[in-house]
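Data first, discussion second: the structure below is written as structure tokens.
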Amino acid sequence: MRLIGETKIDFIKWRKVAFVVSGIAIAIGIISMVVKGGPKLGLDFTGGIEVRLKFEKPFEVGDIRSALARVGMGTAVIQRYGKKEENTVLIRYHLLRISEKIASNIINYREKEGGIKNLEDLRNIPGVEEIGYENISASFTTSPAESDKININKVSKEVLTSVIQNITSRQMASKIQEAIKDKFGEKNSFEVLSVDLIGPKVSKELQKNAFMAVIFSLIGMLIYIAWRFEFRFAVGAVVALIHDVLITVGAISLGGFEFTLPIVAALLTIVGYSLNDTIVIYDRIRENMKTLRRKKLPPKSVLNLGINQSLSRTIITSLTTFIVVLVLFLWGGEPLHGFTFSLLVGVVVGTYSSIFVATPVVYAWGKKGK
Amino acid sequence: MRRFSRWIMLLVIVLIALSVWAIYPPGEKINLGLDLKGGMHLVLEADTRRLPPGESVKDAVDTALEVIRNRIDQFGVREPTIARQGLTRIVVDLPGIEDPQRAIELIGKTALLEFKLLDEKGDLNKALEGDIPAGDEILYDSEGKAYLVKKEALLTGSAIKDARVEINQWGQPYVALDFTKEGAEKFADITGKHVGERLAIILDNVVKSAPVIKTRITGGKAVIEGNFTMEEANELRIVLKSGALPIPLNIIQNTTVGPSLGKDSIRKGLLSGIIGLIAVLIFMGVYYKKAGLIADLALILNLLFLMASLAALKATLTLPGIAGIILTIGMSIDANVIIFERIREELKKERAPRSAVDVGYDRALRTILDANITTLITALILFQFGTGPVKGFATTLSIGILASLFTAVVVTRAIFNLLLEERPVQRLSI
């Protein structure tokens, strides 16, 4: 069996069309992110709370929303997940802003009054009673003698925020459960599947972590390609790779998915996949450059020949990888949805870019050099 | 060449046997992560502001790690993961735990046990008004009663060799302590010098009891009494036996995953994995005929070796890890696609089957190596810098790539060699 026979397509000729198409795709993604006010960061990055519930009987998302709105949590994200008959729901609530606000209220009060003389003063600060005065006073002190507690007059805003976030997250989890119990009562009981609390401190480290991982993997692969091929090939591969990441990030924004750590993993996988694809084609071109040296073919033909010769392999591999990722996307379940969606887009874009971006850039760079 | 291929096949058979031994029974040998099994994930951070001056943070956290490991072992959690993260953090994964609150209390307790003398000459009431005698401090018991004690700790928990829960004649549990040899001598010395005075037994700055020293105690034994329940006494025993944390730890992340969610995830992940696998196996068989079946065999071997490596390395399989495995399927197939397309090209040039296979493999090898090494670089960097889910993904991807280079290139080549040597063919089924 054979899907693709021998082809003689002039891919390089289409490079300008391809550049315009890619440019538009990237622009749409960027516009989508600007319109939505920046990338939607998941709880991994912002810190917050995530509660999963399983109801006994079918429920309306609207009822949960109104229950939460009654206790002042109307901005929570409420999503069904899993199969419909499973009656499972996911509630996300970002806490960083509330915690930061209370923390800055306390800091402002401290500065205005020249220090907090008595912990009871905290009762007058907006927001404190909402999360419980007792919870805050249990962690702090005004006296320098109590060394096992944090001195509230010396604490930095960052530490204060993290302590408050810890308190709020615990409180919000039970508040969410109580509010829903009040609303549904005996009619439809639920079971708490999981409660995830993520502190902001970890998130900052994760951000740094992810950023470092991207930079290092880029450098590592650049060196490897420059060593195995020529510099212009490394340029083509890097342009293709940035292209793939930009389009995938745009698609994630358009699809309304949140950036989480598994999505960062997906983006890096796409980088690896796209490069893998690009290198297979480059390898063929490098081989042709050696064997066809005597024939003195123009560079355009050498490049086109390489793409055409490996076209069959490119399509078959992309197809099998696509099948696997598609299955995972369709049946892998909610926790993997954002991850597999990114991979799905990445496989398509990565295949396209190794043919229509990576190699044409090598051509353009070579022409410029002469 | 033929002998070489035979050796490869022998190696494969040995590896299959080893893998089956490593994996069987899968329920026990494959470690499932928290997202699959349910349990608790804690991140603790050392409170460096409260580190005694002159001590190194690294040493303190190392000791804390050891102490926590001891406590959890005594608590009886199966296969906990306790690891250091960065300079000041400790990550604790407790799969399948049923009572998270008690585990948190157990792990987070500083458990600093101190023996201090009461200052009975000093005026407690004056001290409570703020006039604390030099070298003294005020401590409270669990009911809020104040004590004026000397700041200097005469003996600490490090002098304890063993701790047991015992029950007195009124059915009240208490904790009995045995001192080390050195500790016993010191304790005898202290009690001998201060007969008639009161010695406070203090745990984490709370006075547990303050008995009067009646006589010099030489046996190296002491008891801690209090209004304990059996569970509390047992917790106290564990923390005293495992020693005090050298530095207080704050819980900065506490994630509890419900096991029923985990079961659901396992089912979906496994099912989609199997469906994806079958789809690819069928596709390869149809597209490359008998050669495709050889590639299918290589793929199944790849998965077997990958699972065996995970079991042998005691790595934990997480949901992103399953995704990494499924990505490996794609990578492994890619290697065979590159080879087979190359062989087809050579056949088209009217080459004999035998030499078409040889040339195809040789030409494809460099491409496959370059392509796989770049992905391996990504995976290794992810492994190095990633945490939690990213690390799980990187682990399976790295092992998968290495396994696939062996099965998809070396093993399939050996099979081709053996088949073609047995009976030379006019046409390849590819």
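How things are named: the first chain in the structure tokens is A, the next is B, and so on; residues count from 1 in each chain; ligands count from 1 in the order shown.
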Quick one: residues within 12 Å of segment 169-176 of chain A, only C-alpha atoms, excluding same-chain residues fewer than 3 positions away - as a compact mmCIF listing (two decimals) with N, CA and C atoms, in the first residue's frame?
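out-v5.txt was written with the following content:
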# COMPACT_ATOMS: atom_id res chain seq x y z
N GLY A 47 -1.76 30.35 41.71
CA GLY A 47 -2.11 29.89 43.04
C GLY A 47 -3.62 29.99 43.22
N GLY A 48 -4.18 29.13 44.03
CA GLY A 48 -5.62 29.18 44.22
C GLY A 48 -6.14 27.84 44.66
N ILE A 49 -7.39 27.61 44.34
CA ILE A 49 -8.04 26.42 44.85
C ILE A 49 -8.81 25.73 43.72
N GLU A 50 -8.84 24.42 43.74
CA GLU A 50 -9.56 23.66 42.73
C GLU A 50 -10.31 22.53 43.45
N VAL A 51 -11.63 22.53 43.32
CA VAL A 51 -12.45 21.54 44.02
C VAL A 51 -13.19 20.70 42.98
N ARG A 52 -13.14 19.41 43.10
CA ARG A 52 -13.91 18.53 42.21
C ARG A 52 -14.99 17.82 43.00
N LEU A 53 -16.22 17.90 42.51
CA LEU A 53 -17.35 17.30 43.20
C LEU A 53 -18.04 16.31 42.29
N ILE A 64 -25.16 25.94 40.82
CA ILE A 64 -23.91 26.03 41.57
C ILE A 64 -23.40 27.46 41.55
N ARG A 65 -23.54 28.09 40.36
CA ARG A 65 -23.06 29.46 40.24
C ARG A 65 -23.81 30.39 41.18
N SER A 66 -25.14 30.22 41.24
CA SER A 66 -25.90 31.13 42.10
C SER A 66 -25.60 30.85 43.57
N ALA A 67 -25.35 29.56 43.90
CA ALA A 67 -24.99 29.22 45.29
C ALA A 67 -23.69 29.92 45.68
N LEU A 68 -22.73 29.90 44.75
CA LEU A 68 -21.43 30.50 45.05
C LEU A 68 -21.51 32.02 45.06
N ALA A 69 -22.36 32.57 44.16
CA ALA A 69 -22.51 34.03 44.09
C ALA A 69 -23.07 34.55 45.40
N ARG A 70 -23.94 33.76 46.05
CA ARG A 70 -24.55 34.19 47.31
C ARG A 70 -23.51 34.38 48.41
N VAL A 71 -22.40 33.61 48.33
CA VAL A 71 -21.35 33.79 49.34
C VAL A 71 -20.17 34.60 48.78
N GLY A 72 -20.44 35.33 47.71
CA GLY A 72 -19.42 36.25 47.20
C GLY A 72 -18.34 35.60 46.36
N MET A 73 -18.63 34.42 45.79
CA MET A 73 -17.63 33.78 44.95
C MET A 73 -18.14 33.62 43.53
N GLY A 74 -18.81 34.66 43.05
CA GLY A 74 -19.43 34.61 41.73
C GLY A 74 -18.44 34.50 40.58
N ALA A 76 -15.99 32.47 40.35
CA ALA A 76 -15.39 31.14 40.25
C ALA A 76 -15.64 30.53 38.87
N ILE A 78 -16.70 27.42 36.81
CA ILE A 78 -17.42 26.17 37.08
C ILE A 78 -17.54 25.39 35.78
N LEU A 90 -16.15 20.69 38.25
CA LEU A 90 -14.86 21.23 38.67
C LEU A 90 -15.05 22.70 39.00
N ILE A 91 -14.64 23.12 40.18
CA ILE A 91 -14.77 24.52 40.56
C ILE A 91 -13.38 25.08 40.84
N ARG A 92 -13.06 26.16 40.13
CA ARG A 92 -11.75 26.78 40.33
C ARG A 92 -11.94 28.19 40.87
N TYR A 93 -11.10 28.55 41.79
CA TYR A 93 -11.21 29.89 42.33
C TYR A 93 -9.81 30.44 42.58
N HIS A 94 -9.52 31.56 41.94
CA HIS A 94 -8.20 32.16 42.10
C HIS A 94 -8.18 33.01 43.36
N LEU A 95 -7.17 32.82 44.17
CA LEU A 95 -7.17 33.49 45.48
C LEU A 95 -6.13 34.58 45.60
N LEU A 96 -5.22 34.63 44.64
CA LEU A 96 -4.08 35.53 44.80
C LEU A 96 -4.53 36.97 45.00
N ILE A 98 -7.40 38.28 46.13
CA ILE A 98 -8.00 38.54 47.45
C ILE A 98 -6.91 38.60 48.51
N SER A 99 -6.03 37.60 48.48
CA SER A 99 -5.00 37.54 49.51
C SER A 99 -4.08 38.74 49.43
N GLU A 130 -13.54 38.65 57.08
CA GLU A 130 -14.05 37.69 56.09
C GLU A 130 -13.32 36.35 56.16
N ILE A 131 -12.01 36.41 56.37
CA ILE A 131 -11.27 35.15 56.43
C ILE A 131 -11.07 34.73 57.88
N GLY A 132 -11.61 35.49 58.83
CA GLY A 132 -11.53 35.10 60.23
C GLY A 132 -10.35 35.72 60.93
N ASN A 135 -7.92 33.25 62.63
CA ASN A 135 -6.95 32.55 61.79
C ASN A 135 -5.68 33.36 61.61
N THR A 161 1.26 37.77 52.33
CA THR A 161 0.33 37.30 51.30
C THR A 161 0.27 35.77 51.30
N SER A 162 1.43 35.14 51.42
CA SER A 162 1.43 33.68 51.33
C SER A 162 0.73 33.06 52.53
N VAL A 163 0.92 33.65 53.72
CA VAL A 163 0.23 33.12 54.91
C VAL A 163 -1.28 33.30 54.74
N ILE A 164 -1.67 34.50 54.27
CA ILE A 164 -3.11 34.77 54.11
C ILE A 164 -3.71 33.86 53.05
N GLN A 165 -2.96 33.63 51.98
CA GLN A 165 -3.48 32.76 50.94
C GLN A 165 -3.70 31.34 51.46
N ASN A 166 -2.79 30.92 52.33
CA ASN A 166 -2.95 29.61 52.94
C ASN A 166 -4.24 29.53 53.74
N ALA A 179 -21.73 26.23 50.83
CA ALA A 179 -22.67 26.97 49.99
C ALA A 179 -23.47 26.03 49.11
N ILE A 180 -22.78 25.02 48.56
CA ILE A 180 -23.48 24.09 47.67
C ILE A 180 -24.40 23.17 48.47
N LYS A 181 -23.94 22.79 49.66
CA LYS A 181 -24.79 21.94 50.52
C LYS A 181 -26.08 22.69 50.88
N ASP A 182 -25.93 23.99 51.17
CA ASP A 182 -27.10 24.81 51.50
C ASP A 182 -28.10 24.82 50.35
N LYS A 183 -27.56 24.96 49.16
CA LYS A 183 -28.41 25.12 47.98
C LYS A 183 -29.11 23.81 47.62
N VAL A 192 -17.00 14.87 47.69
CA VAL A 192 -15.85 15.68 47.27
C VAL A 192 -14.79 14.73 46.73
N SER A 194 -11.86 15.74 45.10
CA SER A 194 -10.54 16.24 45.44
C SER A 194 -10.58 17.72 45.73
N VAL A 195 -9.65 18.16 46.56
CA VAL A 195 -9.47 19.58 46.82
C VAL A 195 -7.99 19.88 46.62
N ASP A 196 -7.68 20.72 45.67
CA ASP A 196 -6.28 21.06 45.42
C ASP A 196 -6.02 22.50 45.84
N LEU A 197 -5.03 22.67 46.67
CA LEU A 197 -4.64 24.01 47.08
C LEU A 197 -3.22 24.27 46.59
N ILE A 198 -3.05 25.37 45.91
CA ILE A 198 -1.71 25.66 45.38
C ILE A 198 -1.28 27.04 45.86
N GLY A 199 -0.19 27.08 46.55
CA GLY A 199 0.30 28.36 47.06
C GLY A 199 1.05 29.15 46.02
N PRO A 200 1.06 30.46 46.13
CA PRO A 200 1.69 31.31 45.11
C PRO A 200 3.20 31.18 45.09
N ILE B 252 3.66 24.71 52.54
CA ILE B 252 3.31 25.75 51.57
C ILE B 252 2.43 25.19 50.46
N GLN B 253 2.37 23.88 50.32
CA GLN B 253 1.44 23.33 49.35
C GLN B 253 0.90 22.02 49.89
N ASN B 254 -0.41 21.87 49.83
CA ASN B 254 -1.05 20.68 50.37
C ASN B 254 -2.14 20.26 49.40
N THR B 255 -1.85 19.26 48.61
CA THR B 255 -2.81 18.84 47.61
C THR B 255 -3.34 17.46 47.97
N THR B 256 -4.64 17.36 48.08
CA THR B 256 -5.26 16.07 48.35
C THR B 256 -6.02 15.62 47.12
Practice task
Compile the contact shell of segment 12-29 of chain A as a PyMOL selection string: residues with an atom at most 10 Å away, counting only C-alpha atoms, same-chain residues fewer than 3 positions apart removed.
Solution key: chain A and resi 9+32-35+243-254+300-301+303-304+307+349+352-353+355-357+359-361+363-364
Handout entry: Distance in Å - atom CA of Lys121 of chain B versus atom CA of Ser142 of chain B
Key = 23.5 Å
Please report, as CSV, each residue of chain A lying at most 8 Å from chain B, together with the nearest pair of atoms and the separation in Å rounded to one decimal; use only C-alpha atoms, and order rows by chain and ascending residue number.
residue,atom,partner,partner_atom,distance
A:Met1,CA,B:Tyr287,CA,5.1
A:Arg2,CA,B:Tyr287,CA,6.9
A:Asn166,CA,B:Ile252,CA,7.5
A:Val192,CA,B:Gly258,CA,7.6
A:Leu193,CA,B:Gly258,CA,4.6
A:Ser194,CA,B:Gly258,CA,4.6
A:Val195,CA,B:Thr256,CA,5.7
A:Asp196,CA,B:Thr255,CA,4.7
A:Leu197,CA,B:Thr255,CA,5.5
A:Ile198,CA,B:Gln253,CA,5.6
A:Gly199,CA,B:Gln253,CA,5.6
A:Lys201,CA,B:Ile252,CA,7.5
A:Val202,CA,B:Gln253,CA,7.5
A:Leu206,CA,B:Thr387,CA,7.8
A:Asn209,CA,B:Phe385,CA,6.1
A:Ala210,CA,B:Gly386,CA,6.8
A:Met212,CA,B:Phe385,CA,7.3
A:Ala213,CA,B:Phe385,CA,5.6
A:Phe216,CA,B:Ile381,CA,7.0
A:Ser217,CA,B:Thr378,CA,5.5
A:Gly220,CA,B:Ile377,CA,6.9
A:Met221,CA,B:Thr374,CA,6.2
A:Tyr224,CA,B:Thr374,CA,7.5
A:Leu261,CA,B:Val390,CA,7.0
A:Pro262,CA,B:Val390,CA,6.3
A:Ala265,CA,B:Val390,CA,5.9
A:Leu268,CA,B:Thr378,CA,7.1
A:Thr269,CA,B:Thr378,CA,7.5
A:Gly272,CA,B:Thr375,CA,4.8
A:Tyr273,CA,B:Thr375,CA,7.0
A:Leu275,CA,B:Thr374,CA,7.3
A:Asn276,CA,B:Ala371,CA,4.6
A:Asp277,CA,B:Ala371,CA,7.5
A:Ile279,CA,B:Ala371,CA,6.0
A:Val280,CA,B:Thr367,CA,5.7
A:Asp283,CA,B:Thr367,CA,6.0
A:Ser312,CA,B:Glu341,CA,7.4
A:Arg313,CA,B:Ile338,CA,5.9
A:Ile316,CA,B:Val337,CA,7.3
A:Thr317,CA,B:Asp334,CA,5.3
A:Thr320,CA,B:Val280,CA,6.2
A:Thr321,CA,B:Gly330,CA,4.7
A:Ile323,CA,B:Gly276,CA,6.7
A:Val324,CA,B:Gly276,CA,4.7
A:Val325,CA,B:Leu327,CA,7.7
A:Val327,CA,B:Gly276,CA,5.7
A:Leu328,CA,B:Ser272,CA,5.4
A:Trp331,CA,B:Ser272,CA,5.5
A:Gly332,CA,B:Gly269,CA,5.2
A:Gly333,CA,B:Lys268,CA,6.0
A:Pro335,CA,B:Ser265,CA,7.9
A:Leu336,CA,B:Pro320,CA,7.7
Exercise for the section: Just the residues within 12 Å of Leu301 of chain B, please, counting only C-alpha atoms, with nothing from its chain fewer than 5 positions along; format it as a list in words. Expected result: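 These residues fall inside the cut-off: Val12, Ile13, Leu15, Ile16, Ala17, Ser19, Val20, Ile294, Ala295, Asp296, Leu306, Met307, Ala308, Ile329, Ser332, Gly400, Ala403, Ser404, Leu405, Phe406, Thr407, Ala408, Val411 and Thr412 of chain B.
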Practice task
Enumerate, as a PyMOL selection string, the complete set of residues in segment 24-240 of chain A that a backbone-based DSSP assignment places in helix (DSSP H, G or I).
Solution key: chain A and resi 24-35+43-46+61-70+84-86+96-113+119-124+128-131+133-139+157-184+200-228+231-240
